[in-house]
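Text of model00.cif (mmCIF, C-alpha atoms and all ligand atoms) as supplied:
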data_entry
#
loop_
_atom_site.label_atom_id
_atom_site.label_comp_id
_atom_site.auth_asym_id
_atom_site.auth_seq_id
_atom_site.Cartn_x
_atom_site.Cartn_y
_atom_site.Cartn_z
CA MET V 615 -213.04 -0.08 177.11
CA GLN V 616 -215.35 -2.70 175.61
CA THR V 617 -214.75 -6.46 175.77
CA PHE V 618 -215.26 -8.78 172.77
CA LEU V 619 -215.47 -12.56 172.81
CA VAL V 620 -213.86 -13.41 169.46
CA THR V 621 -214.14 -16.97 168.15
CA GLY V 622 -211.64 -18.45 165.68
CA GLY V 623 -209.23 -15.62 166.49
CA ILE V 624 -206.06 -17.58 165.79
CA GLY V 625 -207.15 -17.99 162.15
CA PHE V 626 -206.36 -15.59 159.32
CA ILE V 627 -209.01 -12.88 159.62
CA GLY V 628 -209.64 -13.29 163.35
CA SER V 629 -205.95 -12.82 164.21
CA ASN V 630 -205.72 -9.69 162.05
CA PHE V 631 -208.88 -8.37 163.71
CA ILE V 632 -207.50 -9.01 167.22
CA LEU V 633 -204.17 -7.34 166.46
CA LYS V 634 -205.98 -4.28 165.15
CA ALA V 635 -208.43 -4.27 168.06
CA ARG V 636 -205.60 -4.22 170.57
CA LYS V 637 -203.44 -1.75 168.65
CA GLU V 638 -206.27 0.70 168.12
CA ASN V 639 -207.80 0.20 171.58
CA TRP V 640 -211.12 -1.03 170.22
CA ALA V 641 -211.60 -3.55 173.00
CA ASN V 642 -210.18 -6.14 175.37
CA ILE V 643 -210.30 -9.54 173.72
CA ILE V 644 -211.15 -13.06 174.84
CA ASN V 645 -210.14 -15.37 171.99
CA LEU V 646 -211.85 -18.80 171.87
CA ASP V 647 -210.23 -21.02 169.25
CA LYS V 648 -210.18 -24.79 168.81
CA LEU V 649 -206.72 -24.64 167.21
CA THR V 650 -207.57 -26.76 164.19
CA TYR V 651 -205.03 -27.53 161.46
CA ALA V 652 -205.66 -23.99 160.09
CA SER V 653 -204.19 -22.20 163.08
CA ASN V 654 -200.67 -21.61 164.29
CA PRO V 655 -200.70 -20.89 168.05
CA GLN V 656 -197.65 -18.64 167.51
CA THR V 657 -199.71 -16.29 165.31
CA LEU V 658 -200.59 -14.04 168.25
CA ALA V 659 -197.40 -14.64 170.28
CA GLU V 660 -196.79 -10.86 170.32
CA LEU V 661 -199.88 -10.47 172.56
CA GLU V 662 -198.61 -12.93 175.20
CA ASP V 663 -197.89 -10.20 177.76
CA ASP V 664 -200.87 -8.02 176.85
CA PRO V 665 -203.25 -7.88 179.88
CA GLY V 666 -206.11 -6.99 177.51
CA TYR V 667 -205.82 -10.29 175.64
CA THR V 668 -206.85 -13.75 176.87
CA PHE V 669 -206.62 -16.96 174.87
CA VAL V 670 -208.86 -19.97 175.60
CA ARG V 671 -208.59 -23.18 173.65
CA GLY V 672 -212.02 -24.67 172.94
CA ASP V 673 -214.85 -25.35 170.53
CA ILE V 674 -217.74 -22.93 169.88
CA ALA V 675 -220.04 -25.93 170.26
CA GLU V 676 -218.95 -26.51 173.91
CA THR V 677 -221.90 -24.89 175.62
CA THR V 678 -220.61 -25.17 179.20
CA LEU V 679 -217.30 -23.56 178.33
CA VAL V 680 -218.91 -20.77 176.29
CA SER V 681 -221.44 -19.92 179.00
CA GLN V 682 -218.65 -19.82 181.60
CA LEU V 683 -216.68 -17.40 179.41
CA LEU V 684 -219.73 -15.19 178.88
CA GLU V 685 -220.48 -15.19 182.60
CA GLN V 686 -216.88 -14.52 183.64
CA TYR V 687 -215.92 -11.84 181.10
CA GLN V 688 -219.32 -10.22 180.40
CA PRO V 689 -218.40 -9.26 176.82
CA ASP V 690 -220.22 -6.48 175.01
CA ALA V 691 -220.13 -8.54 171.82
CA VAL V 692 -219.51 -12.01 170.45
CA ILE V 693 -217.78 -11.95 167.05
CA ASN V 694 -217.96 -15.31 165.31
CA PHE V 695 -215.05 -15.92 162.95
CA ALA V 696 -214.73 -19.64 163.84
CA ALA V 697 -215.35 -21.86 160.86
CA GLU V 698 -214.01 -24.52 158.59
CA SER V 699 -213.17 -22.21 155.70
CA HIS V 700 -211.50 -24.03 152.80
CA VAL V 701 -213.73 -24.98 149.85
CA ASP V 702 -211.49 -27.83 148.61
CA ARG V 703 -211.52 -29.46 152.06
CA SER V 704 -215.31 -29.15 152.17
CA ILE V 705 -215.49 -31.20 148.97
CA ILE V 706 -213.40 -33.97 150.55
CA SER V 707 -214.71 -33.83 154.17
CA PRO V 708 -218.08 -32.00 154.28
CA LEU V 709 -219.09 -33.30 157.72
CA ASP V 710 -216.51 -31.12 159.53
CA PHE V 711 -218.15 -28.11 157.85
CA VAL V 712 -221.65 -29.03 158.95
CA GLN V 713 -220.37 -29.68 162.46
CA THR V 714 -218.56 -26.37 163.02
CA ASN V 715 -220.30 -23.98 160.66
CA VAL V 716 -223.89 -25.12 161.22
CA VAL V 717 -224.04 -27.01 164.55
CA GLY V 718 -221.23 -24.97 166.14
CA THR V 719 -222.80 -21.65 165.15
CA PHE V 720 -226.17 -22.89 166.42
CA GLN V 721 -224.69 -23.83 169.81
CA LEU V 722 -222.87 -20.48 170.03
CA LEU V 723 -226.08 -18.62 169.21
CA GLU V 724 -228.11 -20.60 171.70
CA THR V 725 -225.58 -20.17 174.52
CA SER V 726 -225.16 -16.46 173.76
CA LYS V 727 -228.93 -15.95 173.68
CA SER V 728 -229.38 -17.64 177.09
CA HIS V 729 -226.69 -15.36 178.51
CA TRP V 730 -228.20 -12.24 176.89
CA GLU V 731 -231.66 -13.02 178.31
CA LYS V 732 -230.24 -12.87 181.85
CA LEU V 733 -228.43 -9.54 181.42
CA SER V 734 -229.59 -6.36 183.12
CA PRO V 735 -231.44 -3.97 180.73
CA PRO V 736 -228.49 -1.62 179.96
CA LYS V 737 -226.14 -4.54 179.26
CA ARG V 738 -228.83 -6.31 177.25
CA ASP V 739 -229.24 -3.24 175.05
CA ARG V 740 -225.51 -3.01 174.42
CA PHE V 741 -224.95 -6.70 173.62
CA ARG V 742 -224.27 -7.71 169.98
CA PHE V 743 -223.65 -11.03 168.17
CA LEU V 744 -221.78 -10.42 164.91
CA HIS V 745 -221.55 -13.35 162.50
CA VAL V 746 -218.77 -13.20 159.91
CA SER V 747 -219.90 -14.78 156.66
CA THR V 748 -219.00 -14.96 153.00
CA ASP V 749 -220.13 -13.91 149.53
CA GLU V 750 -220.05 -17.59 148.49
CA VAL V 751 -223.57 -18.03 149.91
CA TYR V 752 -224.88 -16.17 146.84
CA GLY V 753 -223.50 -18.72 144.35
CA SER V 754 -221.81 -17.93 141.06
CA LEU V 755 -222.14 -14.99 138.62
CA SER V 756 -221.78 -14.95 134.85
CA PRO V 757 -219.56 -12.19 133.39
CA SER V 758 -222.59 -9.99 132.63
CA ASP V 759 -224.45 -10.45 135.95
CA SER V 760 -224.53 -7.55 138.36
CA ALA V 761 -222.64 -7.90 141.64
CA PHE V 762 -224.12 -9.55 144.76
CA ARG V 763 -226.34 -7.29 146.85
CA GLU V 764 -227.67 -7.98 150.34
CA ASP V 765 -231.00 -9.01 148.77
CA THR V 766 -229.48 -11.41 146.20
CA PRO V 767 -231.07 -14.84 146.80
CA TYR V 768 -228.86 -17.45 148.44
CA ALA V 769 -227.64 -20.18 146.04
CA PRO V 770 -224.63 -21.89 147.67
CA ASN V 771 -222.75 -24.37 145.46
CA SER V 772 -220.10 -26.01 147.65
CA PRO V 773 -220.54 -27.82 150.97
CA TYR V 774 -218.58 -24.93 152.53
CA ALA V 775 -220.91 -22.31 151.05
CA ALA V 776 -223.99 -24.37 152.00
CA SER V 777 -222.79 -24.68 155.59
CA LYS V 778 -222.15 -20.93 155.81
CA ALA V 779 -225.59 -20.27 154.29
CA GLY V 780 -227.10 -22.54 156.96
CA SER V 781 -225.36 -20.58 159.70
CA ASP V 782 -226.50 -17.24 158.20
CA HIS V 783 -230.10 -18.47 158.19
CA LEU V 784 -229.88 -19.50 161.84
CA VAL V 785 -228.44 -16.11 162.78
CA ARG V 786 -231.25 -14.37 160.90
CA ALA V 787 -233.86 -16.59 162.57
CA TYR V 788 -232.56 -15.74 166.06
CA TYR V 789 -233.22 -12.07 165.35
CA HIS V 790 -236.66 -12.54 163.86
CA THR V 791 -237.84 -15.13 166.40
CA TYR V 792 -236.21 -14.03 169.64
CA GLY V 793 -235.14 -10.43 168.97
CA PHE V 794 -231.56 -11.57 169.65
CA PRO V 795 -229.29 -8.64 168.60
CA VAL V 796 -227.47 -10.09 165.60
CA LEU V 797 -225.49 -8.57 162.72
CA THR V 798 -224.18 -10.45 159.67
CA THR V 799 -221.38 -9.49 157.28
CA ASN V 800 -220.84 -11.24 153.92
CA CYS V 801 -217.36 -10.57 152.62
CA SER V 802 -215.46 -11.38 149.44
CA ASN V 803 -212.03 -13.08 149.25
CA ASN V 804 -209.55 -11.69 151.76
CA TYR V 805 -205.79 -11.62 151.37
CA GLY V 806 -202.99 -10.42 153.63
CA PRO V 807 -200.57 -11.57 156.31
CA ARG V 808 -201.14 -14.78 158.35
CA GLN V 809 -203.35 -16.64 155.84
CA PHE V 810 -202.92 -20.42 155.93
CA PRO V 811 -201.14 -21.51 152.72
CA GLU V 812 -203.91 -23.77 151.46
CA LYS V 813 -205.66 -20.69 149.95
CA LEU V 814 -204.72 -19.34 146.53
CA ILE V 815 -202.49 -16.34 147.36
CA PRO V 816 -200.27 -17.75 150.15
CA LEU V 817 -200.07 -21.14 148.42
CA MET V 818 -198.79 -19.49 145.26
CA ILE V 819 -196.35 -17.24 147.17
CA LEU V 820 -194.77 -20.18 148.99
CA ASN V 821 -194.74 -22.52 145.98
CA ALA V 822 -193.18 -19.83 143.81
CA LEU V 823 -190.55 -19.08 146.46
CA ASN V 824 -189.66 -22.74 146.62
CA GLY V 825 -189.60 -23.27 142.84
CA LYS V 826 -192.65 -25.59 142.97
CA PRO V 827 -195.45 -25.80 140.35
CA LEU V 828 -198.22 -23.17 140.62
CA PRO V 829 -201.43 -25.23 140.23
CA ILE V 830 -204.12 -23.26 138.36
CA TYR V 831 -207.53 -24.95 138.46
CA GLY V 832 -209.31 -25.19 135.09
CA ASP V 833 -208.63 -22.32 132.69
CA GLY V 834 -207.62 -19.81 135.40
CA GLN V 835 -210.39 -17.41 134.33
CA ASN V 836 -212.43 -17.70 137.55
CA VAL V 837 -212.89 -14.27 139.07
CA ARG V 838 -212.74 -13.25 142.73
CA ASP V 839 -213.18 -9.80 144.33
CA TRP V 840 -210.05 -9.42 146.49
CA LEU V 841 -210.08 -7.35 149.69
CA TYR V 842 -207.11 -6.61 151.96
CA VAL V 843 -207.81 -8.23 155.34
CA GLU V 844 -207.39 -5.05 157.42
CA ASP V 845 -210.09 -3.33 155.37
CA HIS V 846 -212.41 -6.22 156.25
CA CYS V 847 -211.51 -5.84 159.96
CA ASP V 848 -212.33 -2.11 159.87
CA ALA V 849 -215.68 -2.88 158.25
CA ILE V 850 -216.56 -5.44 160.93
CA TYR V 851 -215.73 -2.98 163.71
CA LEU V 852 -217.81 -0.27 162.05
CA VAL V 853 -220.81 -2.59 161.63
CA LEU V 854 -220.50 -3.59 165.27
CA GLN V 855 -220.44 0.00 166.48
CA GLN V 856 -222.97 1.63 164.17
CA SER V 857 -225.32 -0.81 162.47
CA GLN V 858 -229.01 -1.23 163.22
CA LEU V 859 -229.82 -4.63 164.75
CA GLY V 860 -230.63 -7.51 162.37
CA GLU V 861 -228.83 -5.88 159.41
CA THR V 862 -226.63 -7.67 156.91
CA TYR V 863 -223.78 -5.93 155.06
CA ASN V 864 -221.85 -7.02 151.98
CA ILE V 865 -218.14 -6.14 152.10
CA GLY V 866 -215.89 -6.23 149.03
CA GLY V 867 -212.83 -4.69 147.46
CA ASN V 868 -214.21 -3.39 144.12
CA ASN V 869 -211.33 -5.45 142.83
CA GLU V 870 -212.32 -8.27 140.48
CA GLN V 871 -209.34 -10.25 139.19
CA ASN V 872 -209.10 -13.61 137.50
CA ASN V 873 -206.81 -16.22 139.04
CA LEU V 874 -204.24 -16.16 136.24
CA THR V 875 -203.81 -12.40 136.64
CA VAL V 876 -203.43 -12.73 140.42
CA VAL V 877 -200.81 -15.46 140.14
CA GLY V 878 -199.01 -13.56 137.36
CA LYS V 879 -198.72 -10.52 139.67
CA ILE V 880 -197.35 -12.68 142.50
CA CYS V 881 -194.70 -14.07 140.13
CA GLU V 882 -193.69 -10.59 138.98
CA ILE V 883 -193.36 -9.26 142.53
CA LEU V 884 -191.34 -12.27 143.70
CA ASP V 885 -189.01 -12.03 140.71
CA GLN V 886 -188.26 -8.49 141.88
CA LEU V 887 -188.15 -8.99 145.67
CA ALA V 888 -186.51 -12.43 145.77
CA PRO V 889 -184.89 -13.07 142.38
CA GLN V 890 -183.51 -16.52 141.64
CA ALA V 891 -180.90 -16.64 138.92
CA GLY V 892 -182.28 -18.04 135.68
CA LEU V 893 -185.83 -18.47 137.05
CA SER V 894 -188.87 -16.55 135.89
CA ARG V 895 -191.60 -17.63 138.35
CA SER V 896 -194.31 -17.57 135.68
CA SER V 897 -192.63 -20.62 134.09
CA LEU V 898 -193.94 -22.56 137.13
CA LEU V 899 -197.61 -22.02 136.12
CA THR V 900 -199.33 -25.41 135.73
CA PHE V 901 -202.94 -25.92 134.66
CA VAL V 902 -204.53 -28.77 136.63
CA LYS V 903 -207.92 -30.49 136.86
CA ASP V 904 -210.63 -28.06 137.95
CA ARG V 905 -212.31 -27.90 141.38
CA PRO V 906 -215.70 -29.72 141.17
CA GLY V 907 -218.56 -27.19 141.06
CA HIS V 908 -216.04 -24.33 140.79
CA ASP V 909 -217.89 -21.00 141.04
CA ARG V 910 -217.01 -18.85 138.02
CA ARG V 911 -217.25 -15.35 139.37
CA TYR V 912 -217.88 -13.50 142.62
CA ALA V 913 -218.41 -9.74 142.84
CA ILE V 914 -219.72 -7.65 145.71
CA ASP V 915 -221.88 -4.57 145.51
CA CYS V 916 -220.86 -2.81 148.72
CA SER V 917 -222.87 0.36 148.19
CA LYS V 918 -224.99 -0.31 151.30
CA ILE V 919 -222.09 -0.25 153.77
CA LYS V 920 -220.64 2.80 151.97
CA ARG V 921 -223.96 4.62 152.14
CA ASP V 922 -225.03 3.63 155.68
CA LEU V 923 -221.69 3.57 157.48
CA GLY V 924 -219.23 5.44 155.25
CA TRP V 925 -216.86 2.45 154.87
CA GLU V 926 -214.47 2.27 151.90
CA PRO V 927 -211.51 -0.07 151.36
CA LYS V 928 -208.22 1.80 151.90
CA GLU V 929 -205.73 -0.58 150.36
CA ASN V 930 -205.34 -1.07 146.61
CA PHE V 931 -204.49 -4.50 145.20
CA GLU V 932 -200.92 -3.62 144.13
CA SER V 933 -199.88 -2.20 147.51
CA GLY V 934 -201.81 -4.88 149.44
CA LEU V 935 -200.22 -7.71 147.49
CA LEU V 936 -196.77 -6.23 147.96
CA LYS V 937 -197.32 -5.97 151.74
CA THR V 938 -198.63 -9.53 151.83
CA ILE V 939 -195.69 -11.02 149.93
CA GLN V 940 -193.24 -9.01 152.04
CA TRP V 941 -194.88 -10.43 155.19
CA TYR V 942 -194.33 -14.01 154.02
CA LEU V 943 -190.71 -13.18 153.15
CA ASP V 944 -190.17 -11.59 156.58
CA ASN V 945 -191.73 -14.43 158.58
CA PRO V 946 -189.94 -17.67 157.67
CA VAL V 947 -190.40 -19.09 161.18
CA TRP V 948 -194.20 -18.73 161.02
CA VAL V 949 -194.16 -20.30 157.56
CA GLU V 950 -192.01 -23.21 158.77
CA GLN V 951 -194.40 -23.78 161.71
CA VAL V 952 -197.45 -24.18 159.44
CA LEU V 953 -195.75 -26.32 156.80
CA SER V 954 -196.07 -29.33 159.11
CA GLY V 955 -196.73 -32.98 158.37
CA SER V 956 -200.50 -32.43 158.27
CA TYR V 957 -200.06 -29.60 155.73
CA ARG V 958 -197.92 -31.83 153.54
CA GLN V 959 -200.57 -34.59 153.76
CA TRP V 960 -203.25 -32.12 152.61
CA ILE V 961 -201.15 -30.98 149.65
CA GLU V 962 -200.63 -34.60 148.67
CA LYS V 963 -204.36 -35.38 149.01
CA ASN V 964 -205.61 -32.33 147.09
CA TYR V 965 -203.09 -32.12 144.28
CA SER V 966 -201.71 -35.63 143.60
CA ASP V 967 -204.65 -36.86 141.52
CA ARG V 968 -205.24 -33.57 139.67
CA GLU V 969 -203.62 -34.60 136.40
CA ILE V 970 -201.71 -31.84 134.67
CA VAL V 971 -203.87 -30.43 131.90
CA ARG V 972 -201.34 -27.97 130.48
CA GLY V 973 -197.90 -27.21 131.93
P1 LIG V 1001 -209.34 -19.71 158.97
O1 LIG V 1001 -209.61 -21.09 158.49
O2 LIG V 1001 -208.03 -19.07 158.69
O3 LIG V 1001 -209.51 -19.67 160.56
C1 LIG V 1001 -210.58 -20.29 161.21
C2 LIG V 1001 -210.24 -20.37 162.70
O4 LIG V 1001 -211.36 -20.94 163.37
C3 LIG V 1001 -209.03 -21.27 163.02
O5 LIG V 1001 -208.16 -20.62 163.91
C4 LIG V 1001 -209.66 -22.49 163.64
O6 LIG V 1001 -208.81 -23.12 164.62
C5 LIG V 1001 -210.90 -21.91 164.29
N1 LIG V 1001 -211.98 -22.90 164.46
C6 LIG V 1001 -212.43 -23.80 163.54
N2 LIG V 1001 -213.42 -24.53 164.07
C7 LIG V 1001 -213.62 -24.08 165.33
C8 LIG V 1001 -214.52 -24.42 166.35
N3 LIG V 1001 -215.42 -25.40 166.21
N4 LIG V 1001 -214.46 -23.73 167.52
C9 LIG V 1001 -213.53 -22.74 167.71
N5 LIG V 1001 -212.64 -22.39 166.77
C10 LIG V 1001 -212.69 -23.04 165.59
O7 LIG V 1001 -210.53 -18.83 158.44
P2 LIG V 1001 -210.54 -17.31 157.97
O8 LIG V 1001 -210.13 -17.24 156.56
O9 LIG V 1001 -209.87 -16.49 158.99
O10 LIG V 1001 -212.11 -17.02 158.01
C11 LIG V 1001 -212.74 -16.52 159.19
C12 LIG V 1001 -214.22 -16.37 158.93
O11 LIG V 1001 -214.42 -15.47 157.84
C13 LIG V 1001 -214.91 -17.68 158.52
O12 LIG V 1001 -216.16 -17.71 159.12
C14 LIG V 1001 -215.04 -17.58 157.01
O13 LIG V 1001 -216.16 -18.29 156.56
C15 LIG V 1001 -215.23 -16.08 156.83
N6 LIG V 1001 -214.76 -15.51 155.56
C16 LIG V 1001 -213.49 -15.77 155.10
C17 LIG V 1001 -213.06 -15.16 153.91
C18 LIG V 1001 -211.66 -15.39 153.37
O14 LIG V 1001 -211.37 -14.96 152.25
N7 LIG V 1001 -210.75 -16.03 154.12
C19 LIG V 1001 -213.91 -14.31 153.21
C20 LIG V 1001 -215.21 -14.09 153.71
C21 LIG V 1001 -215.60 -14.69 154.88
O1 LIG V 1002 -215.31 -15.51 148.63
C1 LIG V 1002 -214.98 -15.66 149.99
C2 LIG V 1002 -214.32 -16.99 150.21
O2 LIG V 1002 -213.04 -16.92 149.62
C3 LIG V 1002 -214.24 -17.41 151.67
O3 LIG V 1002 -215.53 -17.56 152.17
C4 LIG V 1002 -213.47 -18.71 151.82
O4 LIG V 1002 -213.29 -19.03 153.18
C5 LIG V 1002 -212.09 -18.53 151.18
O5 LIG V 1002 -211.39 -19.75 151.24
C6 LIG V 1002 -212.25 -18.09 149.73
O6 LIG V 1002 -212.81 -19.13 148.89
P1 LIG V 1002 -212.22 -19.42 147.41
O7 LIG V 1002 -212.58 -20.80 147.04
O8 LIG V 1002 -212.57 -18.34 146.48
O9 LIG V 1002 -210.65 -19.28 147.75
P2 LIG V 1002 -209.38 -20.15 147.35
O10 LIG V 1002 -208.18 -19.37 147.83
O11 LIG V 1002 -209.48 -21.57 147.76
O12 LIG V 1002 -209.40 -20.08 145.77
C7 LIG V 1002 -209.42 -18.84 145.08
C8 LIG V 1002 -209.50 -19.14 143.59
O13 LIG V 1002 -208.27 -19.78 143.18
C9 LIG V 1002 -210.61 -20.11 143.22
O14 LIG V 1002 -211.14 -19.75 141.96
C10 LIG V 1002 -209.89 -21.47 143.11
C11 LIG V 1002 -208.52 -21.06 142.61
N1 LIG V 1002 -207.39 -21.96 143.04
C12 LIG V 1002 -207.26 -22.23 144.36
C13 LIG V 1002 -206.25 -23.05 144.81
C14 LIG V 1002 -206.09 -23.36 146.27
C15 LIG V 1002 -206.51 -22.44 142.10
O15 LIG V 1002 -206.63 -22.18 140.88
N2 LIG V 1002 -205.50 -23.26 142.53
C16 LIG V 1002 -205.34 -23.59 143.84
O16 LIG V 1002 -204.40 -24.36 144.16
#
Let me see the structure of the file written as structure tokens.
Ligand code: NAD
Ligand code: DAU
Amino acid sequence: MQTFLVTGGIGFIGSNFILKARKENWANIINLDKLTYASNPQTLAELEDDPGYTFVRGDIAETTLVSQLLEQYQPDAVINFAAESHVDRSIISPLDFVQTNVVGTFQLLETSKSHWEKLSPPKRDRFRFLHVSTDEVYGSLSPSDSAFREDTPYAPNSPYAASKAGSDHLVRAYYHTYGFPVLTTNCSNNYGPRQFPEKLIPLMILNALNGKPLPIYGDGQNVRDWLYVEDHCDAIYLVLQQSQLGETYNIGGNNEQNNLTVVGKICEILDQLAPQAGLSRSSLLTFVKDRPGHDRRYAIDCSKIKRDLGWEPKENFESGLLKTIQWYLDNPVWVEQVLSGSYRQWIEKNYSDREIVRG
């Protein structure tokens, strides 16, 4: 059995990855997470008694802690999910993004490289550092542009995207300069269980359930390529097991949807699964002031990972969205835990001065 040091594993994608890794016996897991506002410590409560799972609270930038963990657990791979991940927050507080996504990733790389240099040859050959990144580093597409490929030039537009681009460049440089065994994945928008409700899909599910306005930025025609989170986790595992060193892979759902369509589908499903007398959820749609620098369209060309590694997404958007909404309906305690005071403060900060453009 392999061992992975996973960072940011209490967050949305990391927690789904860890659950799958344990269920499918991919590896034993050491989970290093700072427990920022975006994480609910109860997310992985079901692994409390699992001897193959260890949780450590800490920051990826804490070099002494990270080198102790590497020394003690001798992982076969470091998988870096840890990040500040919300674009709107990066517009209001960009420094946190530079600190974790750029400086934090740098410190994690540096500490991991020092550890790797001291390993015996067989362990050195096996060791991998997989960096989980985003399609936002490529910037924005017009409706007629072809989808992002691995060789599309970087053109990040938000402080979040710029900080992720910075981290990707550092990861790349550690391969080219030091031969450090890195892999990078650039994925499109994920959706699924356990996503913090500041992001479009869970925010809309919870607002719609509670009869609150559904705030659509701008004209609602921005397009994202939605991928079910477990398909992303499978792709990461496959890249880790089979990819050549230094490679980058784009991962996407072949599923471009504009925001109005996505929110319309959520309303329809909720009207069926949790009807409220006299309420059609789509009446809650509210057009509000746009996100500054809002990227118009993302789309991923994932032919490379299909060709090289045989990966394909398994879930379709209809079944994935249904599963996701059902998860939020079935987990009211988890929802209650994340809707804390700090969440309410964020909602107030982000939405109170977005005047209503069209209700
Ligand atoms: P998330 O915000 O849900 O979770 C991030 C986790 O990282 C949290 O548990 C947080 O406590 C932890 N963390 C933050 N700073 C840390 C630090 N300095 N040290 C240790 N832990 C820290 O994010 P997510 O949506 O799960 O995204 C995970 C990764 O995937 C990120 O790198 C993100 O850029 C990337 N990504 C996300 C998406 C998406 O649609 N959510 C798509 C493509 C790529
Ligand atoms: O593309 C991958 C990226 O997807 C990840 O790297 C990011 O971590 C992740 O947050 C996500 O970024 P987006 O900005 O695309 O996701 P978000 O859920 O914030 O917004 C999705 C779309 O919905 C976007 O066009 C903005 C719009 N939106 C969002 C919110 C929160 C609204 O119209 N209203 C809202 O209230």
Worksheet item: Using only C-alpha atoms, which of the listed residues (V:Arg808, V:Lys928, V:Lys737, V:Lys727) sits closest to V:Gln616?
Response: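 Answer, going by the shortest atom-to-atom distance: V:Lys737.
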* Asked: Using only C-alpha atoms and all ligand atoms, which protein or nucleic acid residues are at most 7 Å from ligand LIG 1002 (chain V), as a list in words?
  -> Ser699, His700, Val701, Asp702, Ser747, Thr748, Asp749, Glu750, Cys801, Ser802, Asn803, Asn804, Glu812, Lys813, Leu814, Ile815, Leu817, Pro829, Ile830, Tyr831, Gly834, Asn836, Val837, Arg838, Asn873, His908, Asp909 and Tyr912 of chain V
**Report entry** Which residue of V:Pro736, V:Pro816, V:Pro757, V:Pro795 approaches ligand LIG 1001 (chain V) most closely, using only C-alpha atoms and all ligand atoms
**Finding:**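 Of V:Pro736, V:Pro816, V:Pro757, V:Pro795, the one nearest ligand LIG 1001 (chain V) is V:Pro816, counting only C-alpha atoms and all ligand atoms.
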Review point. Which protein, DNA or RNA residues are at most 7 Å from (-222.3, -5.6, 144.0) in the file's coordinates when you count all atoms listed in the file, listed as number ranges by chain?
Key: V: 760-763, 913-916
**OP:** Using only C-alpha atoms and all ligand atoms, pick whichever of V:Asn964, V:Gln688, V:Asn864, V:Ser933 has the shortest atom-to-atom distance to ligand LIG 1001 (chain V).
**Re:**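 So, comparing all the options, the nearest one is V:Asn864.
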N, CA, C and O atoms restored at stretch 885-894 of chain V, emitted as an mmCIF file, keeping the file's coordinate frame:
data_model
loop_
_atom_site.group_PDB
_atom_site.id
_atom_site.type_symbol
_atom_site.label_atom_id
_atom_site.label_comp_id
_atom_site.auth_asym_id
_atom_site.auth_seq_id
_atom_site.Cartn_x
_atom_site.Cartn_y
_atom_site.Cartn_z
ATOM 1 N N ASP V 885 -190.216 -12.127 141.552
ATOM 2 C CA ASP V 885 -189.010 -12.030 140.710
ATOM 3 C C ASP V 885 -188.226 -10.756 141.047
ATOM 4 O O ASP V 885 -187.008 -10.734 140.941
ATOM 5 N N GLN V 886 -188.965 -9.716 141.500
ATOM 6 C CA GLN V 886 -188.260 -8.490 141.880
ATOM 7 C C GLN V 886 -187.707 -8.560 143.312
ATOM 8 O O GLN V 886 -186.561 -8.218 143.563
ATOM 9 N N LEU V 887 -188.566 -9.034 144.258
ATOM 10 C CA LEU V 887 -188.150 -8.990 145.670
ATOM 11 C C LEU V 887 -187.185 -10.114 146.039
ATOM 12 O O LEU V 887 -186.354 -9.953 146.928
ATOM 13 N N ALA V 888 -187.343 -11.267 145.406
ATOM 14 C CA ALA V 888 -186.510 -12.430 145.770
ATOM 15 C C ALA V 888 -186.070 -13.151 144.496
ATOM 16 O O ALA V 888 -186.472 -14.296 144.258
ATOM 17 N N PRO V 889 -185.263 -12.464 143.664
ATOM 18 C CA PRO V 889 -184.890 -13.070 142.380
ATOM 19 C C PRO V 889 -184.083 -14.355 142.563
ATOM 20 O O PRO V 889 -183.321 -14.478 143.527
ATOM 21 N N GLN V 890 -184.319 -15.286 141.649
ATOM 22 C CA GLN V 890 -183.510 -16.520 141.640
ATOM 23 C C GLN V 890 -182.896 -16.606 140.252
ATOM 24 O O GLN V 890 -183.641 -16.590 139.259
ATOM 25 N N ALA V 891 -181.604 -16.701 140.206
ATOM 26 C CA ALA V 891 -180.900 -16.640 138.920
ATOM 27 C C ALA V 891 -181.493 -17.626 137.926
ATOM 28 O O ALA V 891 -181.695 -18.805 138.247
ATOM 29 N N GLY V 892 -181.818 -17.158 136.761
ATOM 30 C CA GLY V 892 -182.280 -18.040 135.680
ATOM 31 C C GLY V 892 -183.733 -18.465 135.803
ATOM 32 O O GLY V 892 -184.233 -19.218 134.961
ATOM 33 N N LEU V 893 -184.439 -18.020 136.895
ATOM 34 C CA LEU V 893 -185.830 -18.470 137.050
ATOM 35 C C LEU V 893 -186.805 -17.296 136.906
ATOM 36 O O LEU V 893 -186.722 -16.298 137.621
ATOM 37 N N SER V 894 -187.751 -17.459 135.931
ATOM 38 C CA SER V 894 -188.870 -16.550 135.890
ATOM 39 C C SER V 894 -190.028 -17.350 136.496
ATOM 40 O O SER V 894 -190.402 -18.404 135.977
#
